[in-house]
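Q: Pasting structure17.txt here (compact mmCIF, N, CA and C atoms):
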```
# COMPACT_ATOMS: atom_id res chain seq x y z
N MET A 1 125.86 183.31 241.01
CA MET A 1 124.75 182.43 241.26
C MET A 1 124.69 182.00 242.72
N ASN A 2 125.73 182.18 243.46
CA ASN A 2 125.75 181.96 244.90
C ASN A 2 125.23 180.60 245.34
N GLY A 3 125.51 179.55 244.60
CA GLY A 3 125.10 178.22 244.98
C GLY A 3 123.65 177.88 244.70
N THR A 4 122.90 178.82 244.14
CA THR A 4 121.50 178.60 243.85
C THR A 4 121.32 178.28 242.37
N PRO A 5 120.59 177.22 242.04
CA PRO A 5 120.39 176.91 240.62
C PRO A 5 119.53 177.97 239.95
N SER A 6 119.75 178.17 238.66
CA SER A 6 118.94 179.08 237.86
C SER A 6 118.08 178.26 236.94
N ARG A 7 116.85 178.65 236.78
CA ARG A 7 115.92 177.92 235.92
C ARG A 7 115.73 178.68 234.62
N ILE A 8 115.68 177.93 233.51
CA ILE A 8 115.45 178.51 232.19
C ILE A 8 114.12 177.96 231.71
N THR A 9 113.22 178.84 231.30
CA THR A 9 111.90 178.43 230.87
C THR A 9 111.80 178.47 229.35
N TRP A 10 111.24 177.44 228.77
CA TRP A 10 111.02 177.37 227.32
C TRP A 10 109.96 178.39 226.94
N GLN A 11 110.24 179.17 225.88
CA GLN A 11 109.29 180.16 225.40
C GLN A 11 108.86 179.90 223.97
N GLY A 12 109.39 178.85 223.37
CA GLY A 12 109.05 178.53 221.99
C GLY A 12 107.78 177.71 221.91
N THR A 13 107.52 177.20 220.74
CA THR A 13 106.35 176.37 220.51
C THR A 13 106.72 174.90 220.58
N ALA A 14 105.74 174.06 220.80
CA ALA A 14 105.98 172.60 220.79
C ALA A 14 106.29 172.17 219.37
N PRO A 15 107.28 171.29 219.19
CA PRO A 15 107.59 170.79 217.85
C PRO A 15 106.38 170.13 217.20
N GLY A 16 106.18 170.43 215.93
CA GLY A 16 105.07 169.85 215.17
C GLY A 16 105.50 168.57 214.48
N SER A 17 104.79 168.20 213.45
CA SER A 17 105.10 166.98 212.68
C SER A 17 106.28 167.27 211.77
N ASP A 18 107.46 167.35 212.34
CA ASP A 18 108.65 167.73 211.58
C ASP A 18 109.87 167.01 212.12
N GLY A 19 110.96 167.16 211.43
CA GLY A 19 112.25 166.63 211.87
C GLY A 19 113.22 167.76 212.14
N PHE A 20 112.70 168.93 212.52
CA PHE A 20 113.53 170.12 212.74
C PHE A 20 114.38 169.98 213.99
N THR A 21 115.42 170.79 214.04
CA THR A 21 116.29 170.88 215.20
C THR A 21 115.89 172.10 216.00
N TYR A 22 115.67 171.91 217.29
CA TYR A 22 115.28 172.98 218.20
C TYR A 22 116.39 173.16 219.23
N VAL A 23 116.92 174.35 219.33
CA VAL A 23 117.97 174.64 220.31
C VAL A 23 117.30 174.95 221.64
N LEU A 24 117.58 174.12 222.65
CA LEU A 24 117.03 174.37 223.97
C LEU A 24 117.87 175.36 224.75
N LEU A 25 119.18 175.33 224.53
CA LEU A 25 120.07 176.22 225.27
C LEU A 25 121.36 176.38 224.47
N ALA A 26 121.85 177.58 224.37
CA ALA A 26 123.13 177.84 223.72
C ALA A 26 123.76 179.07 224.35
N THR A 27 125.04 178.99 224.65
CA THR A 27 125.72 180.15 225.24
C THR A 27 126.40 181.01 224.19
N ALA A 28 126.37 180.59 222.95
CA ALA A 28 126.91 181.37 221.83
C ALA A 28 125.95 181.16 220.66
N THR A 29 126.03 181.97 219.66
CA THR A 29 125.15 181.85 218.51
C THR A 29 125.29 180.47 217.90
N PRO A 30 124.19 179.70 217.83
CA PRO A 30 124.28 178.33 217.37
C PRO A 30 124.66 178.17 215.91
N GLY A 31 124.32 179.12 215.05
CA GLY A 31 124.66 178.99 213.64
C GLY A 31 123.79 178.01 212.91
N THR A 32 122.59 177.72 213.43
CA THR A 32 121.66 176.83 212.77
C THR A 32 120.38 177.60 212.48
N THR A 33 119.58 177.09 211.60
CA THR A 33 118.29 177.73 211.33
C THR A 33 117.19 176.83 211.84
N GLN A 34 116.38 177.35 212.71
CA GLN A 34 115.22 176.65 213.24
C GLN A 34 114.32 177.66 213.92
N THR A 35 113.09 177.30 214.06
CA THR A 35 112.04 178.23 214.46
C THR A 35 112.33 178.97 215.76
N ASP A 36 112.78 178.26 216.77
CA ASP A 36 112.87 178.87 218.09
C ASP A 36 114.27 179.36 218.47
N ARG A 37 115.17 179.40 217.53
CA ARG A 37 116.54 179.78 217.87
C ARG A 37 116.61 181.17 218.48
N ALA A 38 115.93 182.12 217.89
CA ALA A 38 116.03 183.49 218.38
C ALA A 38 115.49 183.62 219.80
N ILE A 39 114.50 182.81 220.13
CA ILE A 39 113.90 182.88 221.46
C ILE A 39 114.78 182.20 222.49
N GLN A 40 115.31 181.02 222.18
CA GLN A 40 115.98 180.22 223.19
C GLN A 40 117.48 180.43 223.29
N ASN A 41 118.12 181.02 222.31
CA ASN A 41 119.56 181.20 222.37
C ASN A 41 119.91 182.14 223.52
N MET A 42 120.61 181.63 224.52
CA MET A 42 120.97 182.45 225.68
C MET A 42 121.80 183.66 225.28
N ASN A 43 122.48 183.57 224.16
CA ASN A 43 123.37 184.66 223.75
C ASN A 43 122.72 185.59 222.73
N ARG A 44 121.41 185.53 222.57
CA ARG A 44 120.74 186.31 221.53
C ARG A 44 120.96 187.81 221.70
N ASP A 45 121.16 188.28 222.92
CA ASP A 45 121.41 189.70 223.16
C ASP A 45 122.84 189.94 223.63
N GLY A 46 123.72 188.98 223.36
CA GLY A 46 125.10 189.10 223.81
C GLY A 46 125.24 188.95 225.31
N ALA A 47 124.27 188.27 225.94
CA ALA A 47 124.23 188.16 227.40
C ALA A 47 125.30 187.23 227.96
N CYS A 48 125.74 186.26 227.18
CA CYS A 48 126.72 185.29 227.67
C CYS A 48 128.09 185.62 227.10
N GLY A 49 128.99 185.96 227.97
CA GLY A 49 130.36 186.17 227.53
C GLY A 49 131.07 184.85 227.34
N ALA A 50 132.27 184.91 226.81
CA ALA A 50 133.08 183.70 226.66
C ALA A 50 133.28 183.07 228.03
N ASN A 51 133.35 181.76 228.05
CA ASN A 51 133.52 181.00 229.29
C ASN A 51 132.42 181.30 230.31
N PHE A 52 131.19 181.38 229.80
CA PHE A 52 130.04 181.72 230.64
C PHE A 52 129.92 180.82 231.86
N PHE A 53 130.03 179.51 231.67
CA PHE A 53 129.83 178.60 232.79
C PHE A 53 130.89 178.80 233.86
N ALA A 54 132.14 178.85 233.46
CA ALA A 54 133.22 179.02 234.43
C ALA A 54 133.11 180.35 235.18
N SER A 55 132.78 181.41 234.46
CA SER A 55 132.73 182.72 235.11
C SER A 55 131.49 182.91 235.99
N SER A 56 130.46 182.12 235.77
CA SER A 56 129.25 182.26 236.59
C SER A 56 129.11 181.14 237.63
N GLY A 57 130.04 180.21 237.65
CA GLY A 57 130.00 179.13 238.63
C GLY A 57 129.08 177.98 238.26
N VAL A 58 128.58 177.96 237.03
CA VAL A 58 127.71 176.87 236.59
C VAL A 58 128.57 175.65 236.28
N ARG A 59 128.20 174.52 236.83
CA ARG A 59 128.95 173.29 236.62
C ARG A 59 128.16 172.24 235.85
N LYS A 60 126.82 172.34 235.90
CA LYS A 60 126.00 171.28 235.34
C LYS A 60 124.71 171.89 234.78
N VAL A 61 124.24 171.32 233.64
CA VAL A 61 122.94 171.66 233.08
C VAL A 61 122.04 170.46 233.30
N VAL A 62 120.84 170.70 233.80
CA VAL A 62 119.87 169.65 234.08
C VAL A 62 118.63 169.91 233.22
N LEU A 63 118.17 168.87 232.53
CA LEU A 63 116.97 168.95 231.71
C LEU A 63 115.92 168.00 232.26
N SER A 64 114.71 168.49 232.38
CA SER A 64 113.54 167.67 232.67
C SER A 64 112.59 167.93 231.51
N LEU A 65 112.19 166.87 230.80
CA LEU A 65 111.40 167.04 229.58
C LEU A 65 110.18 166.13 229.59
N LYS A 66 109.02 166.74 229.56
CA LYS A 66 107.76 166.02 229.38
C LYS A 66 107.43 166.12 227.90
N TYR A 67 107.31 164.99 227.21
CA TYR A 67 107.15 164.95 225.75
C TYR A 67 106.33 163.73 225.39
N THR A 68 105.97 163.59 224.10
CA THR A 68 105.11 162.48 223.71
C THR A 68 105.62 161.63 222.56
N ALA A 69 106.59 162.10 221.79
CA ALA A 69 107.03 161.36 220.60
C ALA A 69 108.56 161.26 220.58
N VAL A 70 109.07 160.33 219.77
CA VAL A 70 110.52 160.11 219.69
C VAL A 70 111.27 161.40 219.33
N LEU A 71 112.50 161.47 219.81
CA LEU A 71 113.36 162.61 219.53
C LEU A 71 114.81 162.21 219.77
N THR A 72 115.72 163.09 219.43
CA THR A 72 117.15 162.88 219.69
C THR A 72 117.69 164.10 220.43
N LEU A 73 118.49 163.87 221.46
CA LEU A 73 119.17 164.95 222.17
C LEU A 73 120.61 165.00 221.70
N ASN A 74 121.07 166.18 221.31
CA ASN A 74 122.46 166.38 220.90
C ASN A 74 123.06 167.51 221.73
N SER A 75 124.26 167.29 222.23
CA SER A 75 124.97 168.36 222.93
C SER A 75 126.31 168.59 222.25
N TYR A 76 126.73 169.86 222.27
CA TYR A 76 127.94 170.30 221.58
C TYR A 76 128.69 171.28 222.46
N TYR A 77 129.99 171.41 222.19
CA TYR A 77 130.75 172.50 222.79
C TYR A 77 131.50 173.23 221.70
N SER A 78 131.92 174.45 222.02
CA SER A 78 132.65 175.27 221.05
C SER A 78 133.79 175.98 221.77
N ILE A 79 134.92 176.07 221.10
CA ILE A 79 136.05 176.81 221.65
C ILE A 79 136.26 178.13 220.92
N ASP A 80 135.38 178.42 219.94
CA ASP A 80 135.54 179.66 219.16
C ASP A 80 134.23 180.45 219.06
N ARG A 81 133.50 180.50 220.19
CA ARG A 81 132.25 181.28 220.32
C ARG A 81 131.18 180.87 219.32
N GLY A 82 131.08 179.59 219.02
CA GLY A 82 130.00 179.08 218.20
C GLY A 82 130.25 179.08 216.71
N VAL A 83 131.47 179.45 216.29
CA VAL A 83 131.79 179.36 214.86
C VAL A 83 131.79 177.89 214.45
N ASN A 84 132.39 177.05 215.26
CA ASN A 84 132.40 175.61 215.03
C ASN A 84 131.90 174.92 216.29
N TRP A 85 130.97 173.98 216.11
CA TRP A 85 130.45 173.21 217.23
C TRP A 85 130.96 171.77 217.12
N ILE A 86 131.47 171.24 218.23
CA ILE A 86 131.98 169.88 218.30
C ILE A 86 130.98 169.05 219.08
N GLN A 87 130.47 167.99 218.45
CA GLN A 87 129.45 167.20 219.13
C GLN A 87 130.06 166.44 220.29
N GLU A 88 129.43 166.58 221.43
CA GLU A 88 129.88 165.94 222.65
C GLU A 88 129.14 164.62 222.86
N LYS A 89 127.81 164.66 222.72
CA LYS A 89 126.98 163.46 222.94
C LYS A 89 125.76 163.51 222.05
N THR A 90 125.22 162.33 221.75
CA THR A 90 123.93 162.20 221.09
C THR A 90 123.20 161.04 221.74
N GLU A 91 121.89 161.18 221.86
CA GLU A 91 121.10 160.12 222.48
C GLU A 91 119.73 160.07 221.81
N ALA A 92 119.40 158.92 221.24
CA ALA A 92 118.07 158.69 220.69
C ALA A 92 117.13 158.40 221.85
N ILE A 93 116.03 159.15 221.89
CA ILE A 93 115.07 159.03 222.99
C ILE A 93 113.77 158.45 222.44
N PRO A 94 113.35 157.28 222.93
CA PRO A 94 112.09 156.69 222.44
C PRO A 94 110.88 157.43 223.00
N ALA A 95 109.72 157.14 222.44
CA ALA A 95 108.49 157.70 222.99
C ALA A 95 108.36 157.23 224.44
N PRO A 96 107.89 158.10 225.31
CA PRO A 96 107.84 157.74 226.72
C PRO A 96 106.64 156.87 227.07
N THR A 97 106.76 156.19 228.18
CA THR A 97 105.62 155.52 228.79
C THR A 97 104.75 156.62 229.38
N ALA A 98 103.46 156.49 229.26
CA ALA A 98 102.54 157.53 229.74
C ALA A 98 102.86 157.93 231.17
N GLY A 99 102.90 159.22 231.40
CA GLY A 99 103.12 159.74 232.75
C GLY A 99 104.56 159.96 233.14
N PHE A 100 105.51 159.54 232.30
CA PHE A 100 106.92 159.67 232.66
C PHE A 100 107.53 160.94 232.09
N THR A 101 108.54 161.44 232.77
CA THR A 101 109.30 162.61 232.34
C THR A 101 110.75 162.20 232.19
N LEU A 102 111.40 162.66 231.13
CA LEU A 102 112.81 162.37 230.88
C LEU A 102 113.67 163.34 231.69
N ASP A 103 114.66 162.84 232.38
CA ASP A 103 115.61 163.67 233.13
C ASP A 103 117.02 163.35 232.66
N ARG A 104 117.79 164.38 232.34
CA ARG A 104 119.19 164.22 231.91
C ARG A 104 120.05 165.33 232.50
N GLU A 105 121.34 165.03 232.67
CA GLU A 105 122.30 166.00 233.20
C GLU A 105 123.55 166.00 232.34
N TRP A 106 124.17 167.18 232.19
CA TRP A 106 125.43 167.32 231.47
C TRP A 106 126.39 168.14 232.31
N LEU A 107 127.61 167.64 232.47
CA LEU A 107 128.65 168.43 233.12
C LEU A 107 129.21 169.39 232.08
N VAL A 108 129.21 170.69 232.39
CA VAL A 108 129.53 171.70 231.38
C VAL A 108 130.61 172.69 231.80
N ASP A 109 131.07 172.62 233.03
CA ASP A 109 131.97 173.67 233.51
C ASP A 109 133.30 173.72 232.77
N GLN A 110 133.65 172.67 232.05
CA GLN A 110 134.91 172.65 231.32
C GLN A 110 134.81 173.28 229.94
N TYR A 111 133.60 173.63 229.47
CA TYR A 111 133.43 174.11 228.09
C TYR A 111 133.32 175.62 228.01
N PRO A 112 134.05 176.23 227.06
CA PRO A 112 133.92 177.68 226.86
C PRO A 112 132.49 178.06 226.43
N ASP A 113 131.89 177.30 225.53
CA ASP A 113 130.51 177.48 225.11
C ASP A 113 129.90 176.12 224.91
N TRP A 114 128.57 176.04 225.06
CA TRP A 114 127.88 174.75 225.02
C TRP A 114 126.47 174.96 224.51
N LYS A 115 125.93 173.95 223.81
CA LYS A 115 124.53 174.03 223.39
C LYS A 115 123.88 172.66 223.47
N LEU A 116 122.56 172.68 223.64
CA LEU A 116 121.74 171.49 223.71
C LEU A 116 120.63 171.63 222.69
N GLU A 117 120.52 170.62 221.83
CA GLU A 117 119.51 170.61 220.78
C GLU A 117 118.60 169.39 220.93
N VAL A 118 117.38 169.56 220.46
CA VAL A 118 116.45 168.45 220.29
C VAL A 118 116.17 168.34 218.81
N VAL A 119 116.34 167.14 218.25
CA VAL A 119 115.94 166.88 216.87
C VAL A 119 114.62 166.12 216.98
N ASN A 120 113.56 166.74 216.50
CA ASN A 120 112.24 166.12 216.58
C ASN A 120 112.19 164.92 215.64
N GLY A 121 111.47 163.89 216.03
CA GLY A 121 111.44 162.64 215.28
C GLY A 121 110.40 162.54 214.19
N GLY A 122 109.73 163.63 213.84
CA GLY A 122 108.77 163.62 212.74
C GLY A 122 107.32 163.63 213.16
N SER A 123 107.05 163.37 214.42
CA SER A 123 105.68 163.41 214.94
C SER A 123 105.51 164.63 215.83
N ALA A 124 104.30 165.17 215.84
CA ALA A 124 104.02 166.33 216.68
C ALA A 124 104.15 165.96 218.16
N GLN A 125 104.76 166.85 218.92
CA GLN A 125 104.87 166.69 220.36
C GLN A 125 103.60 167.29 220.98
N THR A 126 102.62 166.44 221.29
CA THR A 126 101.36 166.96 221.82
C THR A 126 101.51 167.45 223.26
N THR A 127 102.47 166.91 223.97
CA THR A 127 102.87 167.44 225.27
C THR A 127 104.32 167.87 225.13
N TRP A 128 104.64 169.10 225.54
CA TRP A 128 106.01 169.61 225.39
C TRP A 128 106.29 170.57 226.53
N ILE A 129 106.99 170.06 227.56
CA ILE A 129 107.32 170.88 228.71
C ILE A 129 108.79 170.67 229.06
N PRO A 130 109.71 171.40 228.39
CA PRO A 130 111.11 171.31 228.77
C PRO A 130 111.42 172.31 229.89
N THR A 131 112.13 171.84 230.89
CA THR A 131 112.58 172.69 231.98
C THR A 131 114.07 172.49 232.13
N LEU A 132 114.81 173.57 232.13
CA LEU A 132 116.27 173.52 232.25
C LEU A 132 116.70 174.24 233.52
N ALA A 133 117.76 173.72 234.13
CA ALA A 133 118.34 174.38 235.29
C ALA A 133 119.85 174.42 235.13
N LEU A 134 120.45 175.52 235.56
CA LEU A 134 121.90 175.67 235.60
C LEU A 134 122.30 175.48 237.06
N GLU A 135 123.06 174.44 237.33
CA GLU A 135 123.41 174.07 238.70
C GLU A 135 124.86 174.42 239.02
N THR A 136 125.10 174.76 240.28
CA THR A 136 126.45 175.06 240.72
C THR A 136 127.13 173.85 241.36
N GLN A 137 126.39 172.79 241.59
CA GLN A 137 126.94 171.55 242.14
C GLN A 137 127.29 170.63 240.98
N ARG A 138 128.44 169.96 241.05
CA ARG A 138 128.90 169.15 239.92
C ARG A 138 128.48 167.68 239.99
N ALA A 139 128.15 167.17 241.16
CA ALA A 139 127.83 165.75 241.28
C ALA A 139 126.68 165.38 240.37
N VAL A 140 126.83 164.26 239.68
CA VAL A 140 125.78 163.76 238.79
C VAL A 140 124.94 162.77 239.56
N ALA A 141 123.62 162.92 239.46
CA ALA A 141 122.71 162.00 240.16
C ALA A 141 122.71 160.65 239.50
```
Once more with this new file: its structure as structure tokens, please.
A:
Amino acid sequence: MNGTPSRITWQGTAPGSDGFTYVLLATATPGTTQTDRAIQNMNRDGACGANFFASSGVRKVVLSLKYTAVLTLNSYYSIDRGVNWIQEKTEAIPAPTAGFTLDREWLVDQYPDWKLEVVNGGSAQTTWIPTLALETQRAVA
């Protein structure tokens, strides 16, 4: 990556009026069933080897999310290529004030595999623009 961040673009659909779990990023097979898993799983074609972050110099994942309804962010790590996921963090996210974008960062360089999920809160996301970046700098803003 040579010190340059990599951007990951969402290719799935905006969550509807459901409480489904949407995987935004996973370096190993998530082992969950949800609509956009096949599209968003970074390892869908075996592209991410074990210890992807360490071997590629990625230290941090950054999320910028434009959304309209409540949701929950969950992050997990795995030491066995996604057979078992250990929850690292969870955060309930309220509906945003108009015009605002949610920004979050996770330090990931210590994890063999990692995933980020959104659990939709039951209302349709009429605006849905998730942008992810893989950063080589570790400092948290």
Q: Would you mind telling me which residue in A:Glu88, A:Ile129, A:Gly121, A:Pro112 lies nearest to Ser56 (chain A) when using only C-alpha atoms?
A: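 Residue with the minimum atom-to-atom distance to Ser56 (chain A): A:Pro112.
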Q: Got a sec to tell me which of chain A DSSP assigns to helix (DSSP H, G or I), as a PyMOL selection string?
A: chain A and resi 37-40+52-56
Q: So that I can see what lies close to Val61 (chain A), please list as an mmCIF file with N, CA and C atoms, in the frame of the given file the residues with an atom at most 5 Å from it, counting only N, CA and C atoms and leaving out residues fewer than 2 positions away in the same chain.
A:
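File out_39.cif, as written:
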```cif
data_model
loop_
_atom_site.group_PDB
_atom_site.id
_atom_site.type_symbol
_atom_site.label_atom_id
_atom_site.label_comp_id
_atom_site.auth_asym_id
_atom_site.auth_seq_id
_atom_site.Cartn_x
_atom_site.Cartn_y
_atom_site.Cartn_z
ATOM 1 N N ARG A 59 128.200 174.520 236.830
ATOM 2 C CA ARG A 59 128.950 173.290 236.620
ATOM 3 C C ARG A 59 128.160 172.240 235.850
ATOM 4 N N LEU A 63 118.170 168.870 232.530
ATOM 5 C CA LEU A 63 116.970 168.950 231.710
ATOM 6 C C LEU A 63 115.920 168.000 232.260
ATOM 7 N N GLU A 105 121.340 165.030 232.670
ATOM 8 C CA GLU A 105 122.300 166.000 233.200
ATOM 9 C C GLU A 105 123.550 166.000 232.340
ATOM 10 N N TRP A 106 124.170 167.180 232.190
ATOM 11 C CA TRP A 106 125.430 167.320 231.470
ATOM 12 C C TRP A 106 126.390 168.140 232.310
ATOM 13 N N ALA A 133 117.760 173.720 234.130
ATOM 14 C CA ALA A 133 118.340 174.380 235.290
ATOM 15 C C ALA A 133 119.850 174.420 235.130
ATOM 16 N N LEU A 134 120.450 175.520 235.560
ATOM 17 C CA LEU A 134 121.900 175.670 235.600
ATOM 18 C C LEU A 134 122.300 175.480 237.060
ATOM 19 N N GLU A 135 123.060 174.440 237.330
ATOM 20 C CA GLU A 135 123.410 174.070 238.700
ATOM 21 C C GLU A 135 124.860 174.420 239.020
#
```
Q: Find, counting only N, CA and C atoms, the residue in A:Glu117, A:Asp103, A:Phe20, A:Pro96 that gets nearest to Thr68 (chain A).
A: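 Selected residue with least distance to Thr68 (chain A): A:Pro96.
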Q: How many Å separate CA of Lys60 (chain A) from atom N of Ala14 (chain A)?
A: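 Between CA of Lys60 (chain A) and atom N of Ala14 (chain A) the gap is 25.1 Å.
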Q: Quick one: residues within 5 Å of Ser64 (chain A), all atoms listed in the file counted, chain neighbours fewer than 6 positions away excluded, as a ChimeraX atom specification?
A: /A:102-103,130-131
Q: Would you please work out which residue, of A:Ala139, A:Val108, A:Val83, A:Val118, is nearest to Thr21 (chain A) when using only C-alpha atoms?
A: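 Selected residue with least distance to Thr21 (chain A): A:Val118.
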Q: So how far away is CA of Arg7 (chain A) from atom C of Ser75 (chain A), in Å?
A: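 Between atom C of Ser75 (chain A) and CA of Arg7 (chain A) the gap is 19.5 Å.
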